[in-house]
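Source file: data.txt. Holds: compact mmCIF, C-alpha atoms and all ligand atoms.
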# COMPACT_ATOMS: atom_id res chain seq x y z
CA MET A 1 0.00 0.00 0.00
CA SER A 2 1.56 3.23 -1.03
CA VAL A 3 -0.84 5.64 0.66
CA GLU A 4 0.52 6.56 4.06
CA GLU A 5 -1.36 8.03 6.95
CA PRO A 6 -0.50 11.72 7.17
CA GLY A 7 1.38 12.49 10.33
CA GLY A 8 1.67 8.80 11.15
CA ASP A 9 5.28 9.31 12.14
CA ARG A 10 4.17 11.46 15.05
CA GLU A 11 3.25 8.29 16.92
CA ARG A 12 6.81 7.01 16.71
CA GLU A 13 9.75 7.88 18.85
CA PRO A 14 10.83 11.29 17.65
CA ASP A 15 13.80 11.11 15.36
CA GLY A 16 16.29 13.88 14.69
CA ASP A 17 14.33 15.55 11.89
CA ARG A 18 10.94 15.37 13.54
CA GLU A 19 12.10 16.90 16.78
CA GLN A 20 13.12 20.15 15.13
CA GLU A 21 10.92 23.13 15.76
CA PRO A 22 9.49 24.39 12.47
CA ASP A 23 11.55 27.19 10.97
CA VAL A 24 8.52 29.36 10.41
CA ASP A 25 10.34 32.14 8.58
CA ARG A 26 12.10 29.78 6.20
CA GLU A 27 8.86 27.99 5.39
CA GLN A 28 6.94 31.24 4.93
CA ALA A 29 9.64 32.52 2.57
CA VAL A 30 8.93 29.59 0.22
CA THR A 31 5.21 30.33 0.23
CA ASP A 32 5.78 34.05 -0.32
CA GLU A 33 8.11 33.41 -3.22
CA VAL A 34 5.60 31.16 -4.94
CA LEU A 35 2.76 33.63 -4.38
CA ALA A 36 4.90 36.41 -5.84
CA SER A 37 5.54 34.30 -8.94
CA PHE A 38 1.84 34.62 -9.84
CA ALA A 39 1.80 38.40 -9.46
CA LYS A 40 1.63 39.09 -13.20
CA THR A 41 -1.25 36.70 -13.92
CA ALA A 42 -3.53 38.64 -16.27
CA ASP A 43 -6.72 36.75 -15.49
CA PRO A 44 -7.84 37.87 -12.01
CA ARG A 45 -9.83 34.72 -11.39
CA LEU A 46 -6.87 32.49 -12.26
CA HIS A 47 -4.72 34.65 -10.02
CA GLN A 48 -7.14 34.23 -7.13
CA ILE A 49 -7.38 30.47 -7.65
CA MET A 50 -3.60 29.94 -7.84
CA ASP A 51 -2.92 32.10 -4.79
CA SER A 52 -5.53 30.29 -2.74
CA LEU A 53 -4.43 26.87 -3.97
CA VAL A 54 -0.81 27.53 -3.02
CA LEU A 55 -1.77 28.99 0.35
CA HIS A 56 -3.92 25.99 1.25
CA LEU A 57 -1.53 23.41 -0.18
CA HIS A 58 1.38 24.86 1.75
CA ALA A 59 -0.73 25.16 4.90
CA PHE A 60 -1.61 21.47 4.54
CA ALA A 61 2.05 20.46 4.18
CA ARG A 62 2.94 22.50 7.28
CA ASP A 63 -0.03 21.16 9.24
CA VAL A 64 0.88 17.49 8.77
CA ARG A 65 4.66 18.21 8.68
CA LEU A 66 4.72 16.36 5.33
CA SER A 67 7.79 14.12 5.07
CA GLN A 68 9.66 13.62 1.79
CA GLN A 69 8.68 9.95 1.86
CA GLU A 70 5.01 10.84 2.27
CA TRP A 71 5.09 13.32 -0.60
CA ASP A 72 6.85 10.71 -2.75
CA ALA A 73 3.93 8.39 -1.95
CA GLY A 74 1.54 11.19 -2.94
CA ILE A 75 3.32 11.67 -6.26
CA ASP A 76 3.25 7.92 -6.83
CA PHE A 77 -0.50 7.91 -6.10
CA LEU A 78 -1.13 10.68 -8.65
CA THR A 79 1.11 8.97 -11.19
CA ARG A 80 -0.85 5.74 -10.84
CA ALA A 81 -4.12 7.70 -11.16
CA GLY A 82 -2.82 9.16 -14.42
CA HIS A 83 -1.69 5.81 -15.79
CA ILE A 84 -5.03 4.08 -15.14
CA THR A 85 -7.04 6.94 -16.67
CA ASP A 86 -8.18 6.62 -20.29
CA ASP A 87 -11.34 7.18 -22.40
CA ARG A 88 -13.32 4.72 -20.29
CA ARG A 89 -11.77 5.14 -16.84
CA GLN A 90 -11.40 8.50 -15.07
CA GLU A 91 -9.51 8.02 -11.82
CA PHE A 92 -9.32 11.76 -11.10
CA ILE A 93 -13.12 12.09 -11.09
CA LEU A 94 -13.23 9.12 -8.71
CA LEU A 95 -10.68 10.83 -6.48
CA SER A 96 -12.71 14.05 -6.46
CA ASP A 97 -15.82 11.99 -5.68
CA VAL A 98 -14.39 9.99 -2.75
CA LEU A 99 -12.86 13.15 -1.25
CA GLY A 100 -16.28 14.81 -1.35
CA LEU A 101 -14.94 17.55 -3.63
CA SER A 102 -17.50 16.73 -6.31
CA MET A 103 -20.39 17.07 -3.86
CA LEU A 104 -18.86 20.21 -2.33
CA THR A 105 -18.72 21.73 -5.82
CA VAL A 106 -22.39 20.81 -6.29
CA ALA A 107 -23.22 22.44 -2.94
CA ILE A 108 -21.32 25.60 -3.91
CA ASN A 109 -22.75 25.91 -7.40
CA GLU A 110 -26.28 24.57 -7.26
CA PRO A 111 -28.49 26.99 -5.38
CA LYS A 112 -30.92 25.21 -3.08
CA THR A 113 -33.99 26.73 -4.67
CA PRO A 114 -37.05 25.88 -2.59
CA GLY A 115 -39.26 23.33 -4.25
CA THR A 116 -36.77 22.24 -6.90
CA THR A 117 -35.16 18.83 -7.25
CA GLU A 118 -31.80 18.57 -5.51
CA ALA A 119 -28.70 18.00 -7.59
CA THR A 120 -26.10 15.35 -6.92
CA VAL A 121 -22.80 14.03 -8.23
CA PHE A 122 -22.38 13.54 -12.01
CA GLY A 123 -20.02 10.56 -11.82
CA PRO A 124 -17.78 9.23 -14.57
CA PHE A 125 -20.25 7.12 -16.57
CA PHE A 126 -22.21 9.65 -18.63
CA VAL A 127 -21.61 9.16 -22.35
CA ASP A 128 -22.40 11.67 -25.10
CA GLY A 129 -24.28 10.28 -28.06
CA ALA A 130 -26.51 7.77 -26.23
CA PRO A 131 -29.52 6.67 -28.32
CA GLU A 132 -32.81 8.58 -28.32
CA ILE A 133 -35.88 6.59 -27.31
CA PRO A 134 -39.55 7.56 -27.79
CA LEU A 135 -41.66 8.61 -24.82
CA GLY A 136 -42.51 5.32 -23.07
CA GLY A 137 -39.69 3.45 -24.83
CA ASP A 138 -37.14 1.04 -23.40
CA LEU A 139 -33.63 2.26 -22.80
CA ALA A 140 -32.44 -1.01 -21.22
CA HIS A 141 -31.32 -2.22 -24.68
CA GLY A 142 -30.91 -5.71 -23.27
CA ALA A 143 -29.18 -4.79 -19.97
CA ALA A 144 -29.53 -7.58 -17.39
CA GLY A 145 -32.03 -6.87 -14.63
CA THR A 146 -35.66 -6.66 -13.57
CA PRO A 147 -37.63 -4.35 -15.88
CA CYS A 148 -38.37 -1.02 -14.22
CA TYR A 149 -40.98 1.48 -15.42
CA VAL A 150 -39.99 5.01 -14.46
CA SER A 151 -42.39 7.91 -14.85
CA GLY A 152 -43.18 11.40 -13.64
CA GLN A 153 -43.35 14.97 -14.84
CA VAL A 154 -40.78 17.65 -15.51
CA LEU A 155 -42.08 20.76 -13.78
CA ALA A 156 -41.26 24.38 -12.96
CA PRO A 157 -41.30 25.35 -9.26
CA ASP A 158 -44.85 26.76 -9.64
CA GLY A 159 -46.04 23.33 -10.77
CA SER A 160 -46.39 24.21 -14.44
CA PRO A 161 -45.17 21.51 -16.82
CA ILE A 162 -42.06 21.87 -18.96
CA PRO A 163 -43.03 20.26 -22.28
CA GLY A 164 -40.23 18.92 -24.44
CA ALA A 165 -37.61 18.88 -21.66
CA ARG A 166 -34.75 16.57 -22.55
CA LEU A 167 -34.02 13.74 -20.11
CA ASP A 168 -30.76 11.81 -20.36
CA ILE A 169 -30.78 8.69 -18.21
CA TRP A 170 -28.04 6.19 -17.39
CA GLY A 171 -27.77 3.35 -14.90
CA ALA A 172 -25.96 0.17 -13.98
CA ASP A 173 -27.28 -3.31 -14.76
CA GLU A 174 -28.19 -5.92 -12.13
CA ASP A 175 -24.53 -6.95 -11.91
CA GLY A 176 -23.62 -3.41 -10.91
CA PHE A 177 -21.86 -2.48 -14.15
CA TYR A 178 -22.39 0.36 -16.61
CA ASP A 179 -22.21 -0.56 -20.29
CA VAL A 180 -18.91 1.35 -20.64
CA GLN A 181 -17.33 -0.99 -18.07
CA TYR A 182 -17.73 -3.91 -20.47
CA PRO A 183 -14.99 -4.31 -23.05
CA ASP A 184 -17.31 -4.94 -26.03
CA GLY A 185 -18.44 -1.32 -26.48
CA HIS A 186 -22.19 -2.09 -26.44
CA THR A 187 -24.74 0.52 -25.28
CA ALA A 188 -27.24 -0.48 -22.59
CA ALA A 189 -29.24 1.07 -19.74
CA ARG A 190 -28.76 4.54 -21.17
CA GLY A 191 -30.59 6.81 -23.55
CA TRP A 192 -32.52 10.05 -23.82
CA LEU A 193 -36.08 11.12 -24.47
CA ARG A 194 -38.19 14.24 -24.53
CA ALA A 195 -40.98 14.95 -22.07
CA GLY A 196 -44.44 15.15 -23.60
CA ASP A 197 -46.81 18.14 -23.96
CA HIS A 198 -47.64 18.10 -20.25
CA GLY A 199 -44.04 17.62 -19.11
CA GLU A 200 -44.77 13.94 -18.61
CA TYR A 201 -42.06 11.34 -19.05
CA ARG A 202 -42.01 7.58 -18.91
CA PHE A 203 -39.54 4.92 -19.94
CA TRP A 204 -38.44 1.38 -19.22
CA THR A 205 -35.02 0.48 -17.91
CA VAL A 206 -33.72 -2.11 -15.42
CA LEU A 207 -34.03 -1.77 -11.67
CA PRO A 208 -30.73 -0.39 -10.39
CA THR A 209 -28.76 -2.33 -7.78
CA PRO A 210 -25.98 -1.20 -5.41
CA TYR A 211 -22.53 -1.38 -6.94
CA PRO A 212 -18.92 -0.58 -6.07
CA ILE A 213 -17.21 2.35 -7.74
CA PRO A 214 -14.16 1.12 -9.64
CA HIS A 215 -11.74 0.23 -6.85
CA ASP A 216 -8.96 -1.71 -8.53
CA GLY A 217 -6.76 1.39 -8.80
CA PRO A 218 -5.17 3.95 -6.50
CA VAL A 219 -8.53 5.34 -5.34
CA GLY A 220 -9.54 1.83 -4.27
CA ASP A 221 -6.23 1.53 -2.38
CA LEU A 222 -7.01 4.81 -0.62
CA LEU A 223 -10.47 3.53 0.39
CA THR A 224 -8.93 0.32 1.77
CA ALA A 225 -6.19 2.18 3.67
CA THR A 226 -8.81 4.41 5.29
CA ALA A 227 -11.20 1.56 6.17
CA ARG A 228 -13.85 2.87 3.76
CA GLY A 229 -15.97 0.86 1.36
CA PRO A 230 -16.46 1.43 -2.38
CA MET A 231 -20.25 0.85 -2.50
CA ARG A 232 -22.88 3.21 -3.87
CA PRO A 233 -26.57 2.68 -3.11
CA ALA A 234 -28.73 1.71 -6.09
CA HIS A 235 -29.61 4.72 -8.22
CA LEU A 236 -30.53 5.95 -11.65
CA HIS A 237 -28.83 9.02 -13.14
CA PHE A 238 -30.74 11.91 -14.74
CA LYS A 239 -29.54 14.94 -16.64
CA VAL A 240 -32.50 17.19 -17.45
CA THR A 241 -32.26 20.20 -19.74
CA ALA A 242 -34.84 22.70 -20.97
CA PRO A 243 -34.48 26.23 -22.39
CA GLY A 244 -34.80 28.86 -19.64
CA TYR A 245 -33.97 26.40 -16.83
CA ARG A 246 -30.78 25.36 -15.07
CA THR A 247 -29.55 21.96 -16.13
CA LEU A 248 -30.35 19.43 -13.41
CA ILE A 249 -27.88 16.61 -12.76
CA THR A 250 -29.30 14.21 -10.24
CA HIS A 251 -30.14 10.62 -9.31
CA ILE A 252 -33.10 8.82 -7.89
CA PHE A 253 -32.14 6.33 -5.19
CA VAL A 254 -33.94 3.10 -4.29
CA ALA A 255 -35.61 3.29 -0.86
CA GLY A 256 -34.41 0.67 1.62
CA ASP A 257 -30.99 0.27 0.00
CA PRO A 258 -28.43 -0.79 2.66
CA TYR A 259 -25.87 1.76 1.43
CA LEU A 260 -28.06 4.88 1.58
CA GLY A 261 -26.24 5.99 4.74
CA ASN A 262 -22.83 5.00 3.48
CA ASP A 263 -22.40 6.21 -0.11
CA ALA A 264 -18.71 6.11 -1.12
CA VAL A 265 -19.15 9.46 -2.92
CA PHE A 266 -21.52 11.24 -0.47
CA GLY A 267 -24.21 11.74 -3.14
CA VAL A 268 -27.38 10.75 -1.25
CA LYS A 269 -30.09 13.34 -0.50
CA ALA A 270 -33.19 12.22 1.39
CA SER A 271 -35.40 14.05 -1.14
CA LEU A 272 -34.10 11.80 -3.94
CA VAL A 273 -34.99 8.47 -2.31
CA VAL A 274 -37.92 6.78 -4.05
CA GLU A 275 -40.04 3.76 -3.09
CA VAL A 276 -40.02 0.97 -5.67
CA GLY A 277 -43.21 -0.92 -6.47
CA HIS A 278 -42.72 -4.64 -7.14
CA TYR A 279 -45.23 -6.47 -9.36
CA ARG A 280 -45.63 -9.92 -10.83
CA ASP A 281 -48.04 -11.19 -13.43
CA THR A 282 -49.81 -7.82 -13.47
CA PRO A 283 -49.96 -5.61 -16.56
CA ALA A 284 -47.74 -2.54 -16.43
CA PRO A 285 -49.28 0.94 -16.98
CA ASP A 286 -48.59 0.69 -20.71
CA GLY A 287 -50.15 -2.77 -20.92
CA SER A 288 -46.85 -4.61 -21.29
CA HIS A 289 -45.25 -7.14 -18.92
CA GLY A 290 -48.48 -9.01 -18.14
CA ALA A 291 -46.34 -11.98 -17.14
CA GLY A 292 -43.21 -12.02 -14.99
CA ALA A 293 -41.71 -9.57 -12.57
CA TRP A 294 -41.43 -5.83 -13.11
CA THR A 295 -40.95 -2.80 -10.92
CA ARG A 296 -41.97 0.83 -10.93
CA MET A 297 -40.55 4.14 -9.70
CA GLY A 298 -42.27 7.51 -9.89
CA PHE A 299 -40.53 10.85 -9.49
CA ASP A 300 -41.24 14.42 -10.56
CA LEU A 301 -38.26 16.50 -11.62
CA VAL A 302 -38.57 20.18 -10.74
CA LEU A 303 -36.14 22.51 -12.53
CA ALA A 304 -34.93 25.89 -11.27
CA PRO A 305 -35.41 28.83 -13.64
CA GLU A 306 -32.13 30.06 -15.09
CA GLU A 307 -32.26 33.51 -13.47
CA ILE A 308 -32.30 32.08 -9.94
CA GLY A 309 -28.90 31.59 -8.42
CA PHE A 310 -25.52 33.01 -9.20
C1 LIG A 401 -21.82 6.88 -10.45
O1 LIG A 401 -22.81 6.99 -9.79
O2 LIG A 401 -21.94 6.47 -11.60
C2 LIG A 401 -20.50 7.17 -9.87
C3 LIG A 401 -20.32 8.33 -9.16
C4 LIG A 401 -19.09 8.59 -8.59
C5 LIG A 401 -18.05 7.69 -8.75
C6 LIG A 401 -18.25 6.52 -9.45
C7 LIG A 401 -19.49 6.25 -10.01
FE FE A 402 -23.98 5.61 -10.88

Could you rewrite the structure in this file as structure tokens?
Ligand code: BEZ
Ligand code: FE
Amino acid sequence: MSVEEPGGDREREPDGDREQEPDVDREQAVTDEVLASFAKTADPRLHQIMDSLVLHLHAFARDVRLSQQEWDAGIDFLTRAGHITDDRRQEFILLSDVLGLSMLTVAINEPKTPGTTEATVFGPFFVDGAPEIPLGGDLAHGAAGTPCYVSGQVLAPDGSPIPGARLDIWGADEDGFYDVQYPDGHTAARGWLRAGDHGEYRFWTVLPTPYPIPHDGPVGDLLTATARGPMRPAHLHFKVTAPGYRTLITHIFVAGDPYLGNDAVFGVKASLVVEVGHYRDTPAPDGSHGAGAWTRMGFDLVLAPEEIGF
């Protein structure tokens, strides 16, 4: 395991280096010199970001009295994250997710407009160019799992419908894998559709199940070293767009899932948890699935008008 506990050496007998009092002036001189190097940055926002980043990064190194060996381990971690990242695997998004930075960015940027659907983490499995399906169509495209009929309305906060809103949906199959995690390049359990004239939407997919985020890389090692698990509670992803409204990136979660209180990426909001209806040998609302098992989830998606917020 190449991730070390910060400050772990403090528990040991102090050695020569560790016993030294920090040379505050010498350390501050390094920080000041780096801050000064950004003085001519033309873009004020970039200047602000770099100054703050350096200040916090240096404060962190001082706080934990970062050893050379520990920073080498940090560099090795980042190097391994880079090597495992490609078109289908994004270890840096995973890192942001497990550190809660993705959800913090959501909290900073998505105003909590009363009466609108809460946003949550985007995740690494959205794919541009997923197939369009008709209203009421099936986006499972053969994904393994129990059929699930999902329906609701896309609404404005005053309850008026948003006709023609675009809904992009993606989810894992019953084995806990997204299509892009299979090597054969097939598309399944993803697609997009437009809401109808009354903002209504409905589609078939497969019932989501809990699954682990990819944990065979450095982020997985970090979770293991910190006694954390990789599981996410069962959920379905939505990206909802409509002219005049803020894009909503969210999930619906399956009520009763054992990981709702323990999401590896901190994405759960109580308002997004939905009861699932389980049926057998009963016709579905569209008359299909008269035989066999199927499930149903209902959820209205309420978008915030564009002018609200920042
Ligand atoms: C997801 O829900 O697809 C996801 C989110 C964060 C990390 C990994 C997966
Ligand atoms: Fe997911």

Atom pair atom CA of Arg280 of chain A / atom CA of Gly142 of chain A: separation (Å):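 Value for the atom CA of Arg280 of chain A-atom CA of Gly142 of chain A distance: 19.7 Å.
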
Surroundings of ligand LIG 401 (chain A) up to 9 Å, based on only C-alpha atoms and all ligand atoms, as a VMD selection string: chain A and resid 93 to 98 102 121 to 126 170 to 172 178 211 to 214 230 232 to 237 251 264 to 267

Output of the above residues as a PDB file, keeping the file's coordinate frame, restricted to C-alpha atoms:
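This went into result21.pdb:
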ATOM      1  CA  ILE A  93     -13.120  12.090 -11.090  1.00  0.00           C
ATOM      2  CA  LEU A  94     -13.230   9.120  -8.710  1.00  0.00           C
ATOM      3  CA  LEU A  95     -10.680  10.830  -6.480  1.00  0.00           C
ATOM      4  CA  SER A  96     -12.710  14.050  -6.460  1.00  0.00           C
ATOM      5  CA  ASP A  97     -15.820  11.990  -5.680  1.00  0.00           C
ATOM      6  CA  VAL A  98     -14.390   9.990  -2.750  1.00  0.00           C
ATOM      7  CA  SER A 102     -17.500  16.730  -6.310  1.00  0.00           C
ATOM      8  CA  VAL A 121     -22.800  14.030  -8.230  1.00  0.00           C
ATOM      9  CA  PHE A 122     -22.380  13.540 -12.010  1.00  0.00           C
ATOM     10  CA  GLY A 123     -20.020  10.560 -11.820  1.00  0.00           C
ATOM     11  CA  PRO A 124     -17.780   9.230 -14.570  1.00  0.00           C
ATOM     12  CA  PHE A 125     -20.250   7.120 -16.570  1.00  0.00           C
ATOM     13  CA  PHE A 126     -22.210   9.650 -18.630  1.00  0.00           C
ATOM     14  CA  TRP A 170     -28.040   6.190 -17.390  1.00  0.00           C
ATOM     15  CA  GLY A 171     -27.770   3.350 -14.900  1.00  0.00           C
ATOM     16  CA  ALA A 172     -25.960   0.170 -13.980  1.00  0.00           C
ATOM     17  CA  TYR A 178     -22.390   0.360 -16.610  1.00  0.00           C
ATOM     18  CA  TYR A 211     -22.530  -1.380  -6.940  1.00  0.00           C
ATOM     19  CA  PRO A 212     -18.920  -0.580  -6.070  1.00  0.00           C
ATOM     20  CA  ILE A 213     -17.210   2.350  -7.740  1.00  0.00           C
ATOM     21  CA  PRO A 214     -14.160   1.120  -9.640  1.00  0.00           C
ATOM     22  CA  PRO A 230     -16.460   1.430  -2.380  1.00  0.00           C
ATOM     23  CA  ARG A 232     -22.880   3.210  -3.870  1.00  0.00           C
ATOM     24  CA  PRO A 233     -26.570   2.680  -3.110  1.00  0.00           C
ATOM     25  CA  ALA A 234     -28.730   1.710  -6.090  1.00  0.00           C
ATOM     26  CA  HIS A 235     -29.610   4.720  -8.220  1.00  0.00           C
ATOM     27  CA  LEU A 236     -30.530   5.950 -11.650  1.00  0.00           C
ATOM     28  CA  HIS A 237     -28.830   9.020 -13.140  1.00  0.00           C
ATOM     29  CA  HIS A 251     -30.140  10.620  -9.310  1.00  0.00           C
ATOM     30  CA  ALA A 264     -18.710   6.110  -1.120  1.00  0.00           C
ATOM     31  CA  VAL A 265     -19.150   9.460  -2.920  1.00  0.00           C
ATOM     32  CA  PHE A 266     -21.520  11.240  -0.470  1.00  0.00           C
ATOM     33  CA  GLY A 267     -24.210  11.740  -3.140  1.00  0.00           C
TER      34      GLY A 267
END

Nearest residue to Gly137 of chain A from the set A:Asp216, A:Asp286, A:Asp221, A:Asp51 (distances using only C-alpha atoms): A:Asp286

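Take atom CA of Pro147 of chain A and atom CA of Thr282 of chain A: the distance between them is 12.9 Å.
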
Ref. answer, residues at most 7 Å from (-32.9, 18.2, -0.6) with only C-alpha atoms, as a PyMOL selection string: chain A and resi 118+269-271

Contact residues around Gly152 of chain A with only C-alpha atoms at 6 Å, ignoring same-chain residues under 6 positions, as a PyMOL selection string: chain A and resi 200-201+298-300

Go ahead and save the residues from that selection, with C-alpha atoms, as a PDB file, in the coordinates of the input.
ATOM      1  CA  GLU A 200     -44.770  13.940 -18.610  1.00  0.00           C
ATOM      2  CA  TYR A 201     -42.060  11.340 -19.050  1.00  0.00           C
ATOM      3  CA  GLY A 298     -42.270   7.510  -9.890  1.00  0.00           C
ATOM      4  CA  PHE A 299     -40.530  10.850  -9.490  1.00  0.00           C
ATOM      5  CA  ASP A 300     -41.240  14.420 -10.560  1.00  0.00           C
TER       6      ASP A 300
END

Selected residue of minimal separation from Pro134 of chain A among A:Val24, A:Leu193, A:Leu272, A:Leu66, counting all atoms listed in the file: A:Leu193

Write out as a PDB file with C-alpha atoms, in the frame of the given file which residues come within 10 Å of His58 of chain A when counting all atoms listed in the file, dropping same-chain ones fewer than 5 positions away.
ATOM      1  CA  GLU A  27       8.860  27.990   5.390  1.00  0.00           C
ATOM      2  CA  GLN A  28       6.940  31.240   4.930  1.00  0.00           C
ATOM      3  CA  VAL A  30       8.930  29.590   0.220  1.00  0.00           C
ATOM      4  CA  THR A  31       5.210  30.330   0.230  1.00  0.00           C
ATOM      5  CA  SER A  52      -5.530  30.290  -2.740  1.00  0.00           C
ATOM      6  CA  LEU A  53      -4.430  26.870  -3.970  1.00  0.00           C
ATOM      7  CA  ASP A  63      -0.030  21.160   9.240  1.00  0.00           C
ATOM      8  CA  LEU A  66       4.720  16.360   5.330  1.00  0.00           C
TER       9      LEU A  66
END

Asp179 of chain A surroundings by only C-alpha atoms, 12 Å radius, close-in-sequence under 3 positions cut, as a ChimeraX atom specification: /A:88,125-127,130,140-144,170-176,182-191

Separation of atom CA of Met231 of chain A from atom CA of Asn262 of chain A, in Å and rounded to one decimal: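 These atoms are spaced 7.7 Å apart.
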
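With distances restricted to all atoms listed in the file, A:Val268 is the closest residue to ligand FE 402 (chain A) from A:Ala227, A:Val154, A:Val268, A:Leu222.
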